[in-house]
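These notes are about the structure you will find just below.
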Amino acid sequence: MTVTWEMPTGTAHAAVLGLGVHRAQRVVPNSEIVDAIDSSDEWIQQRSGIKERRWVGPEETLESMSLAAASQALADADVAAAQIDAVVLATCTNTQQITSLASRIAFLLGAESPAAFDISAACAGFCHALSLATDMVRGGTAKYVLVIGAERLSTLVSEKDRGTAFIFGDGAGAVVVGPSEVPGIGPVVWGSDGEQHSAIELSSDWVEAFEADATTLPHITMDGSAVFRWAAYEMAKVAQETLDRTGITVEDLDLFVPHQANMRITDTMVRAMKLPDHVRIARDIAEQGNTSAASIPLALARMYADGTACSGDLALFIAFGAGLTYAAQVVRVP
Ligand code: UT7
């Protein structure tokens, strides 16, 4: 006789129930960066839209930023740490890979033995984690999932690398995903183009660096033009596919919250998608820099703070980066 079993079933829908963020303390203006890369404030602003970025202060760590954002998200969602069934943390800058940062954060929050793991999908990590959380809630493997995107990119940036020194920032963002009676998170469109894996990567393997007696840490390298072309043109198609799969049009959107990679990429996507004027656009990069997996929650938080986003707005999230990886979904914001 064939052995069978029952599988858990969840709820029809999942939603984002609360948001929390932490911006790294140290404000680093372009003037602090330009000399080492023979650049200028004007060039950086014109090519990337960045005026300043946030880097960690002496007391801050990837863990402390993640914990701050996660605590806020739980409070905002009115969900206790003990109710969390899973912690999914997206990062590509956890330099202490063993253990996962997610399990440390779960412990520090006082969660009761949740599943806890990190995922690595670089700048697309937050949207990947959000999609996993949605499926976990809908599949019945978790009721409440804490999703965190956290990065400390300043540690892995060479101050002398002209193509990256001015781009990256540090911070963390978190959301709580839980059951909902109405759709709150739409179907994901995600994928990767591994052929372009070297377009953004670490300059060397940690062990190779150690064996070569390196005196500096490996650092991020990027073929900026290749990534720019891919992001600006291919991602507009992914955005449209996401709206089509959700069954809505650009007219239905209130917010466009793309990964904060470069203001010109955002502008190119807005034009390619023909976003109507009523859609409010996240432009957090100007003051925060590109924070990879943390950029979408940080950008959304700024929109609440300056009054451009309201609870219940319909947003398109789209993230893309090293891998190359991408993921997008429509979200009813909390
Ligand atoms: O989050 C992960 C995903 N990342 C991204 O999506 C980033 C995508 N790429 C970019 O954002 C852009 O490629 C950058 C902002 C990194 C660079 O902008 P760009 O317009 O693509 O510049 P470029 O590399 O094509 O360089 C243009 C010119 C060159 O000079 P020539 O050959 O035209 O004389 C460079 O040598 O600008 C020069 N240049 C600089 N000048 C001053 C390159 N870097 C710098 C610099 N300061 N830092």
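A note on labels: chains of the structure tokens are A, B, ... as shown, every chain counts residues from 1, and ligands are counted from 1 in their shown order.
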
Test item: residues lying within 9 Å of ligand 1 with only C-alpha atoms and all ligand atoms, as a PyMOL selection string: chain A and resi 34+37-41+43-44+46-49+122-124+161-168+200+222-232+259-265+290-293+319-322+324

Within 10 Å of Gly247 in chain A, counting only C-alpha atoms, which residues show up once you throw out same-chain ones fewer than 4 positions away? Write them as a VMD selection string, please. chain A and resid 186 to 187 241 to 243 252

Keeping only all heavy atoms, write those residues as a CSV table (one decimal), in the first residue's frame.
```csv
chain,number,residue,atom,x,y,z
A,186,GLY,N,1.2,40.2,-4.5
A,186,GLY,CA,0.9,39.6,-5.7
A,186,GLY,C,1.9,38.5,-6.2
A,186,GLY,O,2.9,38.3,-5.5
A,187,PRO,N,1.6,37.9,-7.3
A,187,PRO,CA,2.6,36.9,-7.8
A,187,PRO,C,3.9,37.4,-8.1
A,187,PRO,O,4.0,38.6,-8.6
A,187,PRO,CB,1.9,36.3,-9.1
A,187,PRO,CG,0.9,37.3,-9.4
A,187,PRO,CD,0.5,38.1,-8.2
A,241,GLU,N,5.6,42.6,-17.0
A,241,GLU,CA,5.1,41.2,-16.8
A,241,GLU,C,4.5,41.0,-15.4
A,241,GLU,O,3.5,40.3,-15.3
A,241,GLU,CB,6.3,40.3,-17.0
A,241,GLU,CG,5.9,38.8,-17.2
A,241,GLU,CD,7.2,37.9,-17.3
A,241,GLU,OE1,8.3,38.4,-17.6
A,241,GLU,OE2,7.0,36.7,-16.9
A,242,THR,N,5.1,41.7,-14.4
A,242,THR,CA,4.5,41.6,-13.1
A,242,THR,C,3.1,42.2,-13.0
A,242,THR,O,2.2,41.6,-12.4
A,242,THR,CB,5.5,42.3,-12.1
A,242,THR,OG1,6.8,41.8,-12.3
A,242,THR,CG2,5.1,42.1,-10.6
A,243,LEU,N,2.9,43.3,-13.6
A,243,LEU,CA,1.6,43.9,-13.6
A,243,LEU,C,0.6,43.0,-14.4
A,243,LEU,O,-0.5,42.7,-13.9
A,243,LEU,CB,1.6,45.3,-14.3
A,243,LEU,CG,2.5,46.4,-13.6
A,243,LEU,CD1,2.4,47.7,-14.4
A,243,LEU,CD2,2.0,46.6,-12.2
A,252,ASP,N,-3.5,51.5,-12.1
A,252,ASP,CA,-4.0,51.0,-10.8
A,252,ASP,C,-2.9,51.3,-9.7
A,252,ASP,O,-3.2,51.2,-8.5
A,252,ASP,CB,-4.2,49.5,-10.8
A,252,ASP,CG,-5.4,49.2,-11.8
A,252,ASP,OD1,-6.4,49.8,-11.7
A,252,ASP,OD2,-5.1,48.3,-12.6
```

Hey, what does DSSP flag as helix (DSSP H, G or I) within range 117-149 of chain A? Can you give it to me as a VMD selection string? chain A and resid 122 to 139

Would you give me, as number ranges by chain, the residues in range 99-287 of chain A that DSSP reads as strand (DSSP E)? A: 115-119, 145-152, 170-180, 189-192, 200-202, 220-222, 255-258, 280-281

Work out how far CA of Ala12 in chain A is from CA of Leu132 in chain A, in Å to one decimal.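 Answer for the CA of Leu132 in chain A to CA of Ala12 in chain A separation: 14.9 Å.
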
Counting only C-alpha atoms, which of A:Ala86, A:Leu62, A:Ala121, A:Met235 gets nearest to Leu101 in chain A?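 The answer is A:Leu62, which sits nearest to Leu101 in chain A.
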
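Nearest to Glu195 in chain A of all the residues A:Ala294, A:Thr325, A:His278, A:Trp55 is A:Thr325, based on only C-alpha atoms.
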
Residues within 9 Å of Gln329 in chain A, please, as a VMD selection string. Count only C-alpha atoms; anything in the same chain fewer than 4 positions from it doesn't count. chain A and resid 127 130 to 131 185 to 190 239 242 to 243 246 315 to 318

Once you have the residues from the selection above, write them out as a tab-separated table (two decimals), in the first residue's frame, restricted to all heavy atoms.
```tsv
chain	number	residue	atom	x	y	z
A	127	CYS	N	13.08	41.17	-2.34
A	127	CYS	CA	11.89	40.71	-3.08
A	127	CYS	C	11.86	39.18	-3.16
A	127	CYS	O	10.78	38.60	-3.21
A	127	CYS	CB	11.84	41.35	-4.47
A	127	CYS	SG	11.46	43.11	-4.41
A	130	LEU	N	10.61	38.16	0.29
A	130	LEU	CA	9.18	38.49	0.41
A	130	LEU	C	8.33	37.44	-0.31
A	130	LEU	O	7.26	37.03	0.19
A	130	LEU	CB	8.94	39.88	-0.19
A	130	LEU	CG	7.56	40.48	-0.02
A	130	LEU	CD1	7.17	40.60	1.45
A	130	LEU	CD2	7.51	41.87	-0.68
A	131	SER	N	8.82	36.97	-1.44
A	131	SER	CA	8.08	35.95	-2.18
A	131	SER	C	8.08	34.62	-1.42
A	131	SER	O	7.05	33.94	-1.33
A	131	SER	CB	8.72	35.78	-3.56
A	131	SER	OG	8.10	34.72	-4.23
A	185	ILE	N	-0.13	40.60	-1.36
A	185	ILE	CA	1.15	40.46	-2.07
A	185	ILE	C	0.87	39.65	-3.34
A	185	ILE	O	0.35	38.53	-3.26
A	185	ILE	CB	2.21	39.75	-1.21
A	185	ILE	CG1	2.40	40.48	0.14
A	185	ILE	CG2	3.54	39.64	-1.95
A	185	ILE	CD1	3.22	39.71	1.17
A	186	GLY	N	1.20	40.22	-4.47
A	186	GLY	CA	0.87	39.58	-5.75
A	186	GLY	C	1.90	38.53	-6.16
A	186	GLY	O	2.90	38.31	-5.47
A	187	PRO	N	1.65	37.88	-7.31
A	187	PRO	CA	2.57	36.85	-7.79
A	187	PRO	C	3.93	37.45	-8.13
A	187	PRO	O	4.02	38.57	-8.64
A	187	PRO	CB	1.88	36.31	-9.05
A	187	PRO	CG	0.87	37.33	-9.43
A	187	PRO	CD	0.48	38.08	-8.19
A	188	VAL	N	4.96	36.69	-7.83
A	188	VAL	CA	6.32	37.18	-8.11
A	188	VAL	C	6.69	36.87	-9.56
A	188	VAL	O	6.29	35.85	-10.11
A	188	VAL	CB	7.34	36.54	-7.13
A	188	VAL	CG1	7.55	35.05	-7.43
A	188	VAL	CG2	8.67	37.27	-7.16
A	189	VAL	N	7.45	37.75	-10.16
A	189	VAL	CA	8.16	37.45	-11.41
A	189	VAL	C	9.63	37.54	-11.05
A	189	VAL	O	10.09	38.59	-10.59
A	189	VAL	CB	7.80	38.45	-12.53
A	189	VAL	CG1	8.66	38.19	-13.76
A	189	VAL	CG2	6.32	38.33	-12.89
A	190	TRP	N	10.34	36.43	-11.16
A	190	TRP	CA	11.75	36.43	-10.75
A	190	TRP	C	12.57	35.56	-11.67
A	190	TRP	O	12.04	34.75	-12.44
A	190	TRP	CB	11.91	36.05	-9.28
A	190	TRP	CG	11.35	34.71	-8.85
A	190	TRP	CD1	10.74	33.78	-9.64
A	190	TRP	CD2	11.34	34.18	-7.52
A	190	TRP	NE1	10.36	32.71	-8.87
A	190	TRP	CE2	10.71	32.92	-7.57
A	190	TRP	CE3	11.80	34.64	-6.30
A	190	TRP	CZ2	10.53	32.12	-6.45
A	190	TRP	CZ3	11.63	33.85	-5.17
A	190	TRP	CH2	11.00	32.61	-5.25
A	239	ALA	N	8.90	44.44	-15.05
A	239	ALA	CA	7.88	45.22	-14.33
A	239	ALA	C	6.52	45.05	-15.01
A	239	ALA	O	5.50	44.81	-14.35
A	239	ALA	CB	8.29	46.69	-14.30
A	242	THR	N	5.05	41.69	-14.44
A	242	THR	CA	4.53	41.58	-13.06
A	242	THR	C	3.12	42.15	-12.98
A	242	THR	O	2.22	41.55	-12.36
A	242	THR	CB	5.48	42.31	-12.08
A	242	THR	OG1	6.79	41.83	-12.28
A	242	THR	CG2	5.07	42.06	-10.63
A	243	LEU	N	2.92	43.31	-13.60
A	243	LEU	CA	1.57	43.90	-13.61
A	243	LEU	C	0.61	42.98	-14.35
A	243	LEU	O	-0.52	42.74	-13.89
A	243	LEU	CB	1.60	45.29	-14.28
A	243	LEU	CG	2.46	46.35	-13.60
A	243	LEU	CD1	2.38	47.67	-14.37
A	243	LEU	CD2	2.05	46.56	-12.16
A	246	THR	N	-0.36	40.03	-12.32
A	246	THR	CA	-1.22	40.42	-11.20
A	246	THR	C	-2.62	40.79	-11.70
A	246	THR	O	-3.59	40.79	-10.93
A	246	THR	CB	-0.59	41.64	-10.46
A	246	THR	OG1	0.78	41.34	-10.19
A	246	THR	CG2	-1.27	41.92	-9.13
A	315	ALA	N	1.58	49.25	-4.48
A	315	ALA	CA	2.96	49.54	-4.90
A	315	ALA	C	3.50	48.43	-5.80
A	315	ALA	O	3.16	47.25	-5.61
A	315	ALA	CB	3.86	49.67	-3.68
A	316	LEU	N	4.36	48.81	-6.74
A	316	LEU	CA	5.13	47.81	-7.47
A	316	LEU	C	6.55	47.83	-6.93
A	316	LEU	O	7.21	48.87	-6.94
A	316	LEU	CB	5.16	48.14	-8.97
A	316	LEU	CG	6.07	47.24	-9.82
A	316	LEU	CD1	5.62	45.78	-9.78
A	316	LEU	CD2	6.13	47.74	-11.26
A	317	PHE	N	6.98	46.68	-6.39
A	317	PHE	CA	8.37	46.51	-5.95
A	317	PHE	C	9.12	45.80	-7.07
A	317	PHE	O	8.62	44.81	-7.61
A	317	PHE	CB	8.47	45.60	-4.71
A	317	PHE	CG	7.91	46.16	-3.42
A	317	PHE	CD1	7.88	45.36	-2.27
A	317	PHE	CD2	7.43	47.46	-3.31
A	317	PHE	CE1	7.38	45.83	-1.06
A	317	PHE	CE2	6.92	47.95	-2.11
A	317	PHE	CZ	6.90	47.12	-0.98
A	318	ILE	N	10.31	46.29	-7.40
A	318	ILE	CA	11.15	45.55	-8.35
A	318	ILE	C	12.61	45.71	-7.96
A	318	ILE	O	13.06	46.83	-7.71
A	318	ILE	CB	10.90	45.97	-9.82
A	318	ILE	CG1	11.79	45.14	-10.77
A	318	ILE	CG2	11.08	47.45	-10.06
A	318	ILE	CD1	11.37	45.18	-12.22
```

Nearest to Arg302 in chain A: which of A:Val21, A:Ala172, A:Leu146, A:Leu67 is it, counting only C-alpha atoms?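 Looking at the shortest contact to Arg302 in chain A, the residue is A:Val21.
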
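For the residues A:Glu151, A:Glu181, A:Asp244, A:Pro297, ranking by smallest atom-to-atom distance to Gly20 in chain A using only C-alpha atoms places A:Pro297 first.
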
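Across the model, the gap from CA of Ser120 in chain A to CA of Gln45 in chain A is 29.3 Å.
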